[in-house]
Structure formats: C-alpha cells, structure tokens
Amino acid sequence: MEWETVIGLEVHVQLLTKSKLFSGAATQYGAEPNTQACAVDLALPGVLPVMNRDAARMAAKFGLAIGAKINNRSVFARKNYFYPDLPKGYQISQYELPVVSQGKLRIEVDGQEKIVGVARAHLEEDAGKSLHEDFHGLTGIDLNRAGTPLLEIVSEPDLRSAKEAVAYLKKLHSLVTYLEICDGNMQEGSFRCDANVSVRPKGQKEFGTRAEIKNVNSFRFVEKAIEFEIERQIELIEGGGKVVQETRLYDSVKNETRSMRGKEEAHDYRYFPDPDLLPLVIEAAFIEETGKTLPELPDAKAERFQQQYKLSAYDAGVLTATRAMADYYEQVVRASGADPKIAANWIAVELSGFLNSENKDITESPVKAPMMAGLLKRLADNTVSGKIAKDVLAAMWAGEGDADAVIEKKGLKQITDTGAIEKAVDEVIAKNPKQLEQYRAGKEALFGFFVGQVMKATQGKANPAQVNELLKKKLAG
Amino acid sequence: MFDKTVAELSAALKARKVSSAELTRAFLDRISRYKDLNAFISVDPERSLAQARAADERIARGQGGPLTGVPVAQKDIFCADGWLTTCGSKMLANFVAPYNATVIEKFDAAGCVNLGKTNMDEFAMGSSNETSFYGPVKNPWDTQAVPGGSSGGSAAAVAARLAPAATGTDTGGSIRQPAALCGITGIKPSYGRVSRYGMIAFASSLDQGGPMTKTAEDAALLLNAMCGFDARDSTSVDQPVPDFTATLNNSIKGLRIGLPKEYFGAGLSADVAKVVEAAIAEYRKLGAEVVDVSLPNSQLAIPCYYVLAPAEASSNLARFDGVRYGYRAPEYKDLIDMYCKTRAQGFGAEVKRRILIGTYVLSAGYYDAYYLQAQRLRRLITDDFNRAFEKCDVIAGPTSPTTAFNLGAKTDDPVAMYLSDIYTISVNLAGLPGMSIPAGFGSDQRPVGLQLIGKYFDEARLLNAAHQYQQATDWHQRAPKEFA
C-alpha cells in the first residue's frame, strides 16, 4: 500500500524581550540558578502578573510577517498542572483566543513551492528547569527560565514529508530571526519544535492517529526523528498493529523515538481565563505602528537580490537564508564595488565552504565583511588571480590578517609586469623545443601545457590573461 | 482613648496630645489583655513601636498626614515585609513575607502603624472565622457567638476597641458580614479600586480589600489611603480617586434609595428586618426618597459564586505545593506523595472542599455546564444591578439575614453557612461597592448591619449616605459592655 504522511509542527519561539512575559526579571540565558527569578516568578503568595507590552509587539510583528489575523482581543488562560519547576501550579498561556491566527508560510522543496498554513500563534510563559544531576538524589529547581516569553506557533497539518517539515522550520527560523523577535539559538532552546506525525493510506481523507515527538533541537534531528517515526508507524500498521496517540521522545544517539507518556496519563489541564489578567487588546494603531518596524522579509529580499544583483534564484536563496548572511553580502558588495555575481560566488560558495566545514554561522566567521570586500578588491584590480585569492581566503580564515597583509606577507602579488611575464614565457618556450614543434605542427592542446609551465615558473602569480596573450603570440612564432 | 475614632486620634496626634508610641503601646497592651478573643494571629511590638516612633518624628517635623501615627490592624492576608503572613492557614504558618503588599506600602507611606495581623478564615474561606488554623475568633458582643468572616479578627478587634481601625478583604461579603455581626462599619470598594498586589488571592475576580472602622468618616480616611491605580495589578482600575472625606457632609435630600424586594423575603430574620426597616425610616426622615427595585436573579448568586470562587481558588492555591515555601509534609515517598501529604496536612477541611469543587467545575466535560454557565449567571446578576440603578442612587437592605450565630452552629452544614452571605455575594459578582453600617440590635442583643450598595466607583456617595445616617443615630458609637 502507498502511504501518505501528515505532519503538523508546534514551534516554541523564545521572544527576545528584555524582561519576562509577566514580571520585570531579566531573561538572559546562562545566569547563576535562581538569580533571575523575582517574587512573581517564584509565585510568592499575593503576587500578580503584568503583561509585557514588548511581547505583544513581537507577536504582532510575527503575525504581520505571515499575513495572519492579529486578533484585536486575545485571552490569557491558565493551564493547570503540578510540577516543581512550575511555581504557580499553572502556566499562563492562551487557549481559545490566541493573539495571532490564520497565517501562511511559503516553502520550497526540490524546486516545488508550497504554502503551509499557520493555524495560530499564541503567547505563553516558559517553565523553570528541574536539575536532576549533582544533587545526590535530590532535584534542584532553577527558576531563571520561569516566565520567559514564548510564542507558540502551530502549523496546520499541511506538511507531507520530513523534508517539507524541515523546510518549514528553516523558513520559520529565518523569519523570526529576520524579525529580531528570537535569537534562533536552538542549542539554548530559543527555538524548539514538537512534531505531530501520522500516516494514512494514500487517498484517504481522515487523518491517522498521530504521535507527538517532543523537543527536537536541531533541523537534522527533526528530519531523522520524523523519518524514523513515519517508518515505525507504517511498519506497525502493516504488521497489523495500531498507532496509539502518545507523546514520544527522540533519542538522537540511537536515532529512534520512544514512548514518553500515553493517553491514559494525559492531563486534564482545566484551562480557564486567567482572572488576574485583562484580555490582551491590540488596537489597529498599535498594529500599524508595528508594521512600520517590519524589516524586509526573506522572500522579498531574495526577490530583490535577483533583480538588483542579477543573481540566480538559488544564490539569492542561499544569501538571504539568514538576515546576517544577507547583510554580510550587501556589505561586501557595497564595500568592494565588485561584480555582485562574483561577490555572491565568493560568499555562497567559497566562504560557505569554510563555514560549513566548521559548522559556523556567518556571524561567527573570522573573515568579516570588510575583509572579504578587501579580497574582492584585490581580485578585481588583478593583484591576485582567482586561484591565489582562494589561498588568501584560507589564510584569512586561519587568522593571518586581512587580504593585503596576507598577499604582502606571502608575496602573492600577481605579476602584471609585461617584461617579467615575457621573460618567463621566453624561457619556457626555450626549454621545451619539442613541445613547441608539436604545437606548431597543430597539436593545439599543448597550449595548456605552456600556460602551466609559465604559471609554475612564476609560482602562480603571473596574470593569467597576460600569460595567455603573450604565449599565443610567441607560440605562433 | 480606645473609644476614639481615627479622625479624633488623628487630631490628637497632630495636636501632640498623645504620641503614636503611647497609642501603639496602649493598644498592644489591650490586645494582649483580650487575647482570649483570638482576634490577632501575630503581633510584633518591636516593629510596631519602631513605626510609631518614626511617625512621631514625622509629626514633629510637621510632615504628618491625616493617618500618620494611627495604629491600624492588618488582616493576615496582606503580605507585610518581615511579618509573619499566614492567611489563617497551617500552610503558611511559617511564612514571613519578603515584600509588602501595595496596601501595606500605602499605609506605610501614610505613616500608619501596623498594629498586628488579624485572625481570619483560612485563605478567607468562611463566614464565621471558624476555619482559621489559629482557632475561631469570638464576637466581643457575645463570646458565644461568631464574629462573622472571613475578616472576623479585624471586625472583632475594632468592635472590642483593640484597634482604632483595621483592614479586611471581601470576596463574597468578608468585610461587610463580619462588620454587621460585630456592629462596626466596613466598606468593600468597587472591584479594581484597591490593588490586590500582595493580598493573598482567594478568588481573583472577586477579591477586594477595604477598611473596617467605627465610623463612615474613618472608612473614608482609610479608603483615601488605600485606593489608587497600581501598575502591579492588571485588574486595578485607572480611575481618579476623589477625596472621600470631602463629600461626607453633603445633604442626602432627594437621594433615591432602592429597596430590592428579593432582599426582604423568606430567609430574612424578623429581627433583622425590623432593624433595617427602622433604618430606612431614618433615611426618609433625612430626606431620602425610597423606591422599590428588583434584582430578579438574586437567588442565583450563591450557586454562581460557589462555582466561580472555588474554580479560581483551586488554581490560585496550587502554588502551595511544599516546594518553595510554607508547609511541607515531614515524610513522603516521592514527588506525588510530597504534594499529596503536604496539601492534605497543610489545608483545612473548608479549603479542601472548595479546591475539590473548583477542580471539578473546571474539569473536561463539566466546564461548560458549571463554569461557563456560572459566568452567564454572573452577567445576569450584573445586569440586574444596572437596571435597578436606573431608578435609584443607592440600594439598601440587610447585610446578613441573621445576627451573629453561635460558634459551632453551622460548622457541620456548609450550605447553611454559605447562605449567611446571600445578600452580599451578588455585589462581588457585579464588582460594585458595598458597605455595612451598624443599625441596631436583634432581640438577642447582637448587632445588625444595614447594607448600602452603590454604583461603580460611587464609594463617595455610599460614605456620604452612611455618614449622614451616623450623624443622626448613635448605633456606631455603641461598644460591647466589657470593652466600652
């Protein structure tokens, strides 16, 4: 039988507010345990939540960016359950009336465009952390994270493969970082994903029973976890079994998902509107004002890059994948005055190669934009050839200074002095009479041999165009 | 001196006829002398006297305000920095608050002396002060009787002249009913007038703090200090706060007083009815106009309240889990066992009952039938008041259907206990200001309160009407014999 996969994603995006969703405590990551938890975060008797206006602004920004409905009135609700790192015994979230609903996100997989529905995005507070190590059988509680604002973004069950799911996640990741509402740091949990996965016989309308895979913290693991889960479900059904609705945890070491808790243990969260908070009212003026702060979004930017810089759709996509990358590119183009297509190639191919090899982000590149621009300038003014430029880039990557310093130190300056090149050409011709004879007899393929010899004689520094020109003339006799 | 009003003490302090330290010491002595009333959960003479001395210095510098140096007893529901704050529960018997409630902060700023923390029903759940972990408070008028609740300690303290004034909180009548049963004046402001920050939550959408005093004038003085927008409480209302004392002496000629017929039907004791009727007659004499109004959904108030208040409470009280502060069971097997034992041992029976009810009405499958339905009733009850106020300025009626009942009389019958708040609860559901003033005595010589209900943010008119009545009568000046 042919199976169809149905995937819906819930992404928790940690908002980049300075303070928490309902208290004035700081949200910075990595502080000493419980140093960023105030009376409200500790849920002392009598304390009350006060909504962070900036979080509402960020939610609205996201809503605008995905063409969603930003609800004039949304309601905070309490999700009740007991856990030691949940100080109030309830999480303040949004339930029936979320702040954002009905948006769309465009993704591209294997050249195919697809529109994925975003059912809703709602504001909620994060819980603290339970620490089970280092306490000799006891559990430590760190409430620094308690109350940190999250935007939970829930997709429609529109995704049909692990690849689509990853494309959606990458697009979402790019969008929230473009909007500067999230730092996108997956290791620190700023961007977390739960995946609802089910399968059904192709052509069937009803959804199959779904399993929820919790908290997968990298794009690669999302893809692997979903692929594993799809296979597990298909094997299970084909073997006569049934998928049970449950939460499963992905184990990246064993590359498998494992049952975490079944439906029989499912909580009744007893949601009800939080009486400590008034409904969140977002006025049209606030939305309009927020709209003015929207940056150029990835799709628009990619479109512009194609138009303005005459880039291919592919290059434009790579260079606009993150806002930092796009900014880097434009900075290099501006500072170097280089042909935008050549700049694109050097960044999207050469520099990206280095970045990928060390799993680094463009913001972590040791070759900053002005350095890259410096190199492209030397390429343009023929100080170095393309081949030598690659060596210079490698040296810059290794921290040996900017392009001029590397060229100077290593003596990589291209020879453009016609006399010097001519001398080298003459020597090479004189040393290879046999090849000269064959060439003149019609074996034109030997031209490359002569170029190679001249370049070798000049340690690659001779200007290739001049070498070609002189050789052609001299070989012709 | 114990019989003096806050207004009188304020004048005496200002004139330097008495110092705050002297006053504070005298009241502390009296609290200790009458500790059998059990009106206070804790006193902290050192802290109180330090505040008194600071107030005296402030007065000496000529920087005193109307309340500077006046000792005020605080219901033990308000967090006060460095004070034991128990909310009447074993759960918080060891809890020393590390911060000030807004109300406490405001009293501190006014220069008041915190005289001590008064006894109350556990987590403000009760109408007789019998659910307190610290034992019941006795009614100073008759120590066989309850003082009412949940602010029973505050009411008894003021009635017995152990404090010139006190604070209370009112979720379903917890200021007005004990004020009525103890023969004092108490006002619950409109919802949102007084910040709830630092006031331990029972039912967030209903809770409201207010003063409990001998007179309406004193209530106005205290309310001036307590009210005001607070950015730390999202439900606090950003409304201008008038000087409540400024309009006390306005004439009430032509004031339209509405009498809801539903408040004078079955269930109202003859004694109380007689007193309330006499009070209305007095108002006629003062020139008020009496009109009949109707609050047809009044009988729905109690069922509505006993869905909504427990629902909110079940969630509000989830934080008392033994993890971070307060009581934790000494022995337990694992996390769940710790939760269960802590809450089983830390909460009393009434609190547990309400947590169970609240959990039930919010549960999947019951939410619509109970919680949502109760919210609809709440709207109907509110609409009733809005319609009634088209015909009148103030609504008057009994505060409580009976005078104070005997200790233990209703402890085994929660529904009978709940019915003692039948006339007060709908005011909280509507969020309106409500007040109780002493209006006479029943044949058992126990006090009867007259309830006045106002329009939103119309506390000034309630206080004016109460003050005018108190100018014409002396019920508010009566003190229980032993404490006079």
# chains A, B, ... in the order shown; residues from 1 in each chain; ligands from 1
$ residues_around --residues "segment 414-418 of chain A" --least-positions-apart "2" --cutoff "7 Å" --atoms "only C-alpha atoms" --output "NGL selection string"
:A and (382-385 or 412 or 420-422 or 461-463)
$ closest_atom_pairs --of "chain B" --to "chain A" --cutoff "7 Å" --atoms "only C-alpha atoms" --output "CSV"
residue,atom,partner,partner_atom,distance
B:Tyr197,CA,A:Val47,CA,5.6
B:Gly198,CA,A:Gly46,CA,4.0
B:Met199,CA,A:Gly46,CA,4.8
B:Ile200,CA,A:Gly46,CA,4.0
B:Ala201,CA,A:Gly46,CA,5.9
B:Ser204,CA,A:Pro275,CA,5.7
B:Ser205,CA,A:Pro275,CA,5.4
B:Arg232,CA,A:Val50,CA,6.2
B:Asp233,CA,A:Leu48,CA,6.1
B:Ser234,CA,A:Leu277,CA,5.7
B:Thr235,CA,A:Asp276,CA,6.4
B:Ser315,CA,A:Asn80,CA,6.8
B:Ala318,CA,A:Gly89,CA,4.8
B:Arg319,CA,A:Lys88,CA,4.4
B:Val323,CA,A:Pro84,CA,6.4
B:Leu362,CA,A:Arg270,CA,5.1
B:Ser363,CA,A:Arg270,CA,5.3
B:Ala364,CA,A:Asp268,CA,6.5
$ select_by_dssp --residues "segment 188-341 of chain A" --states "strand (DSSP E)" --output "number ranges by chain"
A: 191-201, 211-216, 246-251, 256-262, 272-273, 280-281
$ atom_distance --atom1 "atom CA of Leu21 of chain A" --atom2 "atom CA of Glu124 of chain A"
7.7 Å
$ atom_distance --atom1 "atom CA of Leu462 of chain B" --atom2 "atom CA of Asn100 of chain B"
29.2 Å
